[in-house]
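Asker: Coordinates in input.pdb, PDB, C-alpha atoms, pLDDT in the B column, are listed below.
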ATOM      1  CA  MET A1277       4.434  49.219  10.031  1.00 73.00           C
ATOM      2  CA  ASN A1278       6.843  48.530   7.183  1.00 85.00           C
ATOM      3  CA  TYR A1279       5.843  51.327   4.817  1.00 91.00           C
ATOM      4  CA  ILE A1280       8.298  50.231   2.130  1.00 90.00           C
ATOM      5  CA  GLU A1281       5.962  47.301   1.352  1.00 92.00           C
ATOM      6  CA  ARG A1282       3.576  49.858  -0.159  1.00 96.00           C
ATOM      7  CA  ILE A1283       6.115  50.600  -2.897  1.00 95.00           C
ATOM      8  CA  THR A1284       6.022  48.261  -5.885  1.00 95.00           C
ATOM      9  CA  ILE A1285       8.075  47.916  -9.035  1.00 93.00           C
ATOM     10  CA  ASN A1286       6.315  46.278 -11.945  1.00 93.00           C
ATOM     11  CA  PRO A1287       7.580  46.487 -15.544  1.00 93.00           C
ATOM     12  CA  GLU A1288       3.936  46.654 -16.671  1.00 94.00           C
ATOM     13  CA  VAL A1289       3.173  49.766 -14.571  1.00 94.00           C
ATOM     14  CA  CYS A1290       4.737  53.173 -15.340  1.00 94.00           C
ATOM     15  CA  HIS A1291       7.666  51.632 -17.219  1.00 94.00           C
ATOM     16  CA  GLY A1292       8.916  49.852 -14.105  1.00 93.00           C
ATOM     17  CA  LYS A1293       9.283  52.991 -11.982  1.00 95.00           C
ATOM     18  CA  PRO A1294       8.708  52.597  -8.238  1.00 95.00           C
ATOM     19  CA  CYS A1295       4.986  53.171  -7.650  1.00 97.00           C
ATOM     20  CA  ILE A1296       2.498  53.149  -4.809  1.00 97.00           C
ATOM     21  CA  ARG A1297       0.663  49.857  -4.335  1.00 95.00           C
ATOM     22  CA  ASN A1298       0.988  48.877  -7.999  1.00 94.00           C
ATOM     23  CA  MET A1299      -1.142  51.881  -8.986  1.00 96.00           C
ATOM     24  CA  ARG A1300      -0.045  54.368 -11.579  1.00 95.00           C
ATOM     25  CA  TRP A1301       1.316  56.682  -8.904  1.00 97.00           C
ATOM     26  CA  PRO A1302       5.107  56.873  -9.247  1.00 98.00           C
ATOM     27  CA  VAL A1303       7.027  57.734  -6.093  1.00 97.00           C
ATOM     28  CA  GLU A1304       8.645  60.634  -7.940  1.00 97.00           C
ATOM     29  CA  VAL A1305       5.248  62.287  -8.572  1.00 98.00           C
ATOM     30  CA  VAL A1306       4.370  62.231  -4.878  1.00 98.00           C
ATOM     31  CA  LEU A1307       7.803  63.621  -4.009  1.00 98.00           C
ATOM     32  CA  ASP A1308       7.304  66.365  -6.620  1.00 98.00           C
ATOM     33  CA  MET A1309       4.005  67.353  -5.019  1.00 98.00           C
ATOM     34  CA  LEU A1310       5.614  67.510  -1.581  1.00 98.00           C
ATOM     35  CA  SER A1311       8.610  69.476  -2.848  1.00 98.00           C
ATOM     36  CA  SER A1312       6.289  71.969  -4.559  1.00 98.00           C
ATOM     37  CA  GLY A1313       4.911  72.835  -1.134  1.00 98.00           C
ATOM     38  CA  MET A1314       1.767  70.725  -1.008  1.00 98.00           C
ATOM     39  CA  SER A1315       0.989  69.351   2.419  1.00 98.00           C
ATOM     40  CA  ILE A1316       0.113  65.722   3.018  1.00 97.00           C
ATOM     41  CA  LEU A1317      -3.472  66.777   3.713  1.00 98.00           C
ATOM     42  CA  GLU A1318      -3.688  68.719   0.442  1.00 98.00           C
ATOM     43  CA  ILE A1319      -2.409  65.718  -1.505  1.00 98.00           C
ATOM     44  CA  LEU A1320      -4.878  63.403   0.205  1.00 98.00           C
ATOM     45  CA  ASP A1321      -7.773  65.822  -0.430  1.00 98.00           C
ATOM     46  CA  ASP A1322      -6.872  66.114  -4.131  1.00 97.00           C
ATOM     47  CA  HIS A1323      -6.153  62.409  -4.676  1.00 97.00           C
ATOM     48  CA  GLN A1324      -8.485  60.353  -2.558  1.00 96.00           C
ATOM     49  CA  GLU A1325      -7.121  57.028  -3.805  1.00 97.00           C
ATOM     50  CA  LEU A1326      -3.931  57.759  -1.867  1.00 98.00           C
ATOM     51  CA  GLU A1327      -3.512  57.137   1.842  1.00 97.00           C
ATOM     52  CA  LYS A1328      -1.294  58.890   4.362  1.00 98.00           C
ATOM     53  CA  GLU A1329       0.795  55.708   4.633  1.00 97.00           C
ATOM     54  CA  ASP A1330       1.470  55.884   0.867  1.00 98.00           C
ATOM     55  CA  ILE A1331       3.043  59.306   1.219  1.00 98.00           C
ATOM     56  CA  ILE A1332       5.090  58.209   4.215  1.00 97.00           C
ATOM     57  CA  ALA A1333       6.216  55.191   2.170  1.00 97.00           C
ATOM     58  CA  CYS A1334       7.442  57.509  -0.615  1.00 97.00           C
ATOM     59  CA  LEU A1335       9.436  59.580   1.862  1.00 96.00           C
ATOM     60  CA  ASN A1336      10.843  56.444   3.462  1.00 94.00           C
ATOM     61  CA  TYR A1337      11.816  55.068   0.044  1.00 93.00           C
ATOM     62  CA  ALA A1338      13.620  58.291  -0.856  1.00 94.00           C
ATOM     63  CA  LYS A1339      15.427  58.309   2.492  1.00 93.00           C
ATOM     64  CA  LEU A1340      16.612  54.732   2.008  1.00 89.00           C
ATOM     65  CA  LEU A1341      17.902  55.549  -1.486  1.00 89.00           C
ATOM     66  CA  MET A1342      19.819  58.548  -0.150  1.00 91.00           C
ATOM     67  CA  THR A1343      21.473  56.521   2.598  1.00 90.00           C
ATOM     68  CA  GLY A1344      22.735  53.986   0.061  1.00 82.00           C
ATOM     69  CA  ASN A1345      20.854  51.093   1.635  1.00 71.00           C
ATOM     70  CA  ILE A1346      19.925  48.167  -0.565  1.00 70.00           C
ATOM     71  CA  ILE A1347      16.168  48.125  -1.066  1.00 70.00           C
ATOM     72  CA  THR A1348      14.371  44.951  -2.010  1.00 69.00           C
ATOM     73  CA  ILE A1349      10.974  45.525  -3.573  1.00 69.00           C
ATOM     74  CA  ALA A1350       8.617  42.672  -4.400  1.00 61.00           C
ATOM     75  CA  ALA A1351       7.191  42.810  -7.908  1.00 59.00           C
TER      76      ALA A1351
END
As structure tokens - that is how I would like this structure written.
Answerer:
Amino acid sequence: MNYIERITINPEVCHGKPCIRNMRWPVEVVLDMLSSGMSILEILDDHQELEKEDIIACLNYAKLLMTGNIITIAA
């Protein structure tokens, strides 16, 4: 599965920040939850609109940014 397709950038949603599936869930918020020590299961229990694949997509997006790869996101 190409998880990166779950990440969208839309100027009308969250000021154009990368978000999950065009929802108002910026990638950075999910990464903040993970870095604060929350597990994937805890995040999914607290935010039932999210799916495990969304969280994996956020991690994959961050990894691609860190490697310097060019990322093309459909609006």
Asker: Quote the spacing between CA of Gly1313 in chain A and CA of Asn1286 in chain A in Å to one decimal place.
Answerer: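 Atom-to-atom, CA of Gly1313 in chain A to CA of Asn1286 in chain A, that is 28.7 Å.
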Asker: Determine, counting only C-alpha atoms, which protein, DNA and RNA residues have an atom within 10 Å of an atom of Trp1301 in chain A; residues of the same chain fewer than 3 positions away are not included. Present the result as a list of chain:residue names.
Answerer: A:Ile1283, A:Val1289, A:Cys1290, A:Lys1293, A:Pro1294, A:Cys1295, A:Ile1296, A:Arg1297, A:Asn1298, A:Glu1304, A:Val1305, A:Val1306, A:Glu1325, A:Leu1326, A:Asp1330
Asker: So the first atom is CA of Cys1334 in chain A and the second is CA of Ile1280 in chain A; what is the distance between them in Å, to one decimal place?
Answerer: 7.8 Å
Asker: Carefully work through the PyMOL selection byres ((chain A and resi 1309) around 12) for this structure and note down the residues it includes, as a list in words.
Answerer: Trp1301, Pro1302, Val1303, Glu1304, Val1305, Val1306, Leu1307, Asp1308, Leu1310, Ser1311, Ser1312, Gly1313, Met1314, Ser1315, Ile1316, Leu1317, Glu1318, Ile1319, Leu1320, Asp1322, His1323, Ile1331, Cys1334 and Leu1335 of chain A
Asker: Generate the output file for the selected residues, C-alpha atoms, as a PDB file, in the coordinates of the input.
Answerer:
ATOM      1  CA  TRP A1301       1.316  56.682  -8.904  1.00 97.00           C
ATOM      2  CA  PRO A1302       5.107  56.873  -9.247  1.00 98.00           C
ATOM      3  CA  VAL A1303       7.027  57.734  -6.093  1.00 97.00           C
ATOM      4  CA  GLU A1304       8.645  60.634  -7.940  1.00 97.00           C
ATOM      5  CA  VAL A1305       5.248  62.287  -8.572  1.00 98.00           C
ATOM      6  CA  VAL A1306       4.370  62.231  -4.878  1.00 98.00           C
ATOM      7  CA  LEU A1307       7.803  63.621  -4.009  1.00 98.00           C
ATOM      8  CA  ASP A1308       7.304  66.365  -6.620  1.00 98.00           C
ATOM      9  CA  LEU A1310       5.614  67.510  -1.581  1.00 98.00           C
ATOM     10  CA  SER A1311       8.610  69.476  -2.848  1.00 98.00           C
ATOM     11  CA  SER A1312       6.289  71.969  -4.559  1.00 98.00           C
ATOM     12  CA  GLY A1313       4.911  72.835  -1.134  1.00 98.00           C
ATOM     13  CA  MET A1314       1.767  70.725  -1.008  1.00 98.00           C
ATOM     14  CA  SER A1315       0.989  69.351   2.419  1.00 98.00           C
ATOM     15  CA  ILE A1316       0.113  65.722   3.018  1.00 97.00           C
ATOM     16  CA  LEU A1317      -3.472  66.777   3.713  1.00 98.00           C
ATOM     17  CA  GLU A1318      -3.688  68.719   0.442  1.00 98.00           C
ATOM     18  CA  ILE A1319      -2.409  65.718  -1.505  1.00 98.00           C
ATOM     19  CA  LEU A1320      -4.878  63.403   0.205  1.00 98.00           C
ATOM     20  CA  ASP A1322      -6.872  66.114  -4.131  1.00 97.00           C
ATOM     21  CA  HIS A1323      -6.153  62.409  -4.676  1.00 97.00           C
ATOM     22  CA  ILE A1331       3.043  59.306   1.219  1.00 98.00           C
ATOM     23  CA  CYS A1334       7.442  57.509  -0.615  1.00 97.00           C
ATOM     24  CA  LEU A1335       9.436  59.580   1.862  1.00 96.00           C
TER      25      LEU A1335
END
Asker: Find the axis-aligned box for range 1308-1324 of chain A, covering all its listed atoms and adding 8 Å on each side, and write its centre and edge lengths in Å to one decimal as JSON.
Answerer:
{"center_x": 0.1, "center_y": 66.6, "center_z": -1.5, "size_x": 33.1, "size_y": 28.5, "size_z": 26.3}
Asker: Out of A:Met1299, A:Ile1346, A:Ala1338, A:Ile1332, which residue has the shortest atom-to-atom distance to Thr1284 in chain A when counting all atoms listed in the file?
Answerer: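 Under the stated criterion, the closest residue is A:Met1299.
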Asker: Translate the PyMOL selection byres ((chain A and resi 1277) around 12) into a concrete residue list for this structure, as a ChimeraX atom specification.
Answerer: /A:1278-1282,1329-1330,1332-1333,1336
Asker: How would range 1308-1338 of chain A look with N, CA and C atoms restored, written as a JSON list (two decimals), keeping the file's coordinate frame?
Answerer:
[["chain", "number", "residue", "atom", "x", "y", "z"],
["A", 1308, "ASP", "N", 7.43, 65.07, -5.94],
["A", 1308, "ASP", "CA", 7.30, 66.36, -6.62],
["A", 1308, "ASP", "C", 6.22, 67.22, -5.98],
["A", 1309, "MET", "N", 5.09, 66.59, -5.65],
["A", 1309, "MET", "CA", 4.00, 67.35, -5.02],
["A", 1309, "MET", "C", 4.45, 67.89, -3.66],
["A", 1310, "LEU", "N", 5.13, 67.06, -2.89],
["A", 1310, "LEU", "CA", 5.61, 67.51, -1.58],
["A", 1310, "LEU", "C", 6.65, 68.62, -1.73],
["A", 1311, "SER", "N", 7.56, 68.47, -2.69],
["A", 1311, "SER", "CA", 8.61, 69.48, -2.85],
["A", 1311, "SER", "C", 8.07, 70.78, -3.42],
["A", 1312, "SER", "N", 6.89, 70.73, -4.05],
["A", 1312, "SER", "CA", 6.29, 71.97, -4.56],
["A", 1312, "SER", "C", 5.58, 72.75, -3.45],
["A", 1313, "GLY", "N", 5.51, 72.14, -2.26],
["A", 1313, "GLY", "CA", 4.91, 72.83, -1.13],
["A", 1313, "GLY", "C", 3.55, 72.30, -0.71],
["A", 1314, "MET", "N", 3.06, 71.30, -1.41],
["A", 1314, "MET", "CA", 1.77, 70.72, -1.01],
["A", 1314, "MET", "C", 1.94, 69.98, 0.31],
["A", 1315, "SER", "N", 0.96, 70.10, 1.16],
["A", 1315, "SER", "CA", 0.99, 69.35, 2.42],
["A", 1315, "SER", "C", 0.43, 67.95, 2.18],
["A", 1316, "ILE", "N", 0.67, 67.07, 3.12],
["A", 1316, "ILE", "CA", 0.11, 65.72, 3.02],
["A", 1316, "ILE", "C", -1.41, 65.80, 2.93],
["A", 1317, "LEU", "N", -2.01, 66.65, 3.74],
["A", 1317, "LEU", "CA", -3.47, 66.78, 3.71],
["A", 1317, "LEU", "C", -3.99, 67.29, 2.37],
["A", 1318, "GLU", "N", -3.28, 68.22, 1.76],
["A", 1318, "GLU", "CA", -3.69, 68.72, 0.44],
["A", 1318, "GLU", "C", -3.62, 67.61, -0.61],
["A", 1319, "ILE", "N", -2.55, 66.83, -0.56],
["A", 1319, "ILE", "CA", -2.41, 65.72, -1.50],
["A", 1319, "ILE", "C", -3.54, 64.72, -1.32],
["A", 1320, "LEU", "N", -3.82, 64.37, -0.07],
["A", 1320, "LEU", "CA", -4.88, 63.40, 0.20],
["A", 1320, "LEU", "C", -6.25, 63.93, -0.20],
["A", 1321, "ASP", "N", -6.50, 65.23, -0.02],
["A", 1321, "ASP", "CA", -7.77, 65.82, -0.43],
["A", 1321, "ASP", "C", -7.93, 65.80, -1.95],
["A", 1322, "ASP", "N", -6.82, 66.07, -2.67],
["A", 1322, "ASP", "CA", -6.87, 66.11, -4.13],
["A", 1322, "ASP", "C", -6.89, 64.73, -4.77],
["A", 1323, "HIS", "N", -6.32, 63.75, -4.10],
["A", 1323, "HIS", "CA", -6.15, 62.41, -4.68],
["A", 1323, "HIS", "C", -6.61, 61.37, -3.65],
["A", 1324, "GLN", "N", -7.89, 61.15, -3.62],
["A", 1324, "GLN", "CA", -8.48, 60.35, -2.56],
["A", 1324, "GLN", "C", -8.15, 58.87, -2.63],
["A", 1325, "GLU", "N", -7.56, 58.42, -3.73],
["A", 1325, "GLU", "CA", -7.12, 57.03, -3.80],
["A", 1325, "GLU", "C", -5.83, 56.79, -3.02],
["A", 1326, "LEU", "N", -5.15, 57.87, -2.67],
["A", 1326, "LEU", "CA", -3.93, 57.76, -1.87],
["A", 1326, "LEU", "C", -4.26, 57.78, -0.38],
["A", 1327, "GLU", "N", -3.38, 57.16, 0.39],
["A", 1327, "GLU", "CA", -3.51, 57.14, 1.84],
["A", 1327, "GLU", "C", -2.27, 57.77, 2.46],
["A", 1328, "LYS", "N", -2.42, 58.25, 3.67],
["A", 1328, "LYS", "CA", -1.29, 58.89, 4.36],
["A", 1328, "LYS", "C", -0.08, 57.96, 4.38],
["A", 1329, "GLU", "N", -0.30, 56.68, 4.60],
["A", 1329, "GLU", "CA", 0.80, 55.71, 4.63],
["A", 1329, "GLU", "C", 1.53, 55.62, 3.30],
["A", 1330, "ASP", "N", 0.83, 55.88, 2.18],
["A", 1330, "ASP", "CA", 1.47, 55.88, 0.87],
["A", 1330, "ASP", "C", 2.50, 57.01, 0.77],
["A", 1331, "ILE", "N", 2.14, 58.16, 1.27],
["A", 1331, "ILE", "CA", 3.04, 59.31, 1.22],
["A", 1331, "ILE", "C", 4.24, 59.08, 2.13],
["A", 1332, "ILE", "N", 3.99, 58.54, 3.30],
["A", 1332, "ILE", "CA", 5.09, 58.21, 4.22],
["A", 1332, "ILE", "C", 6.00, 57.17, 3.56],
["A", 1333, "ALA", "N", 5.41, 56.21, 2.86],
["A", 1333, "ALA", "CA", 6.22, 55.19, 2.17],
["A", 1333, "ALA", "C", 7.13, 55.82, 1.12],
["A", 1334, "CYS", "N", 6.62, 56.81, 0.39],
["A", 1334, "CYS", "CA", 7.44, 57.51, -0.62],
["A", 1334, "CYS", "C", 8.62, 58.22, 0.04],
["A", 1335, "LEU", "N", 8.36, 58.90, 1.14],
["A", 1335, "LEU", "CA", 9.44, 59.58, 1.86],
["A", 1335, "LEU", "C", 10.45, 58.58, 2.41],
["A", 1336, "ASN", "N", 9.96, 57.48, 2.93],
["A", 1336, "ASN", "CA", 10.84, 56.44, 3.46],
["A", 1336, "ASN", "C", 11.69, 55.84, 2.35],
["A", 1337, "TYR", "N", 11.10, 55.60, 1.20],
["A", 1337, "TYR", "CA", 11.82, 55.07, 0.04],
["A", 1337, "TYR", "C", 12.93, 56.02, -0.38],
["A", 1338, "ALA", "N", 12.62, 57.29, -0.48],
["A", 1338, "ALA", "CA", 13.62, 58.29, -0.86],
["A", 1338, "ALA", "C", 14.75, 58.35, 0.16]]
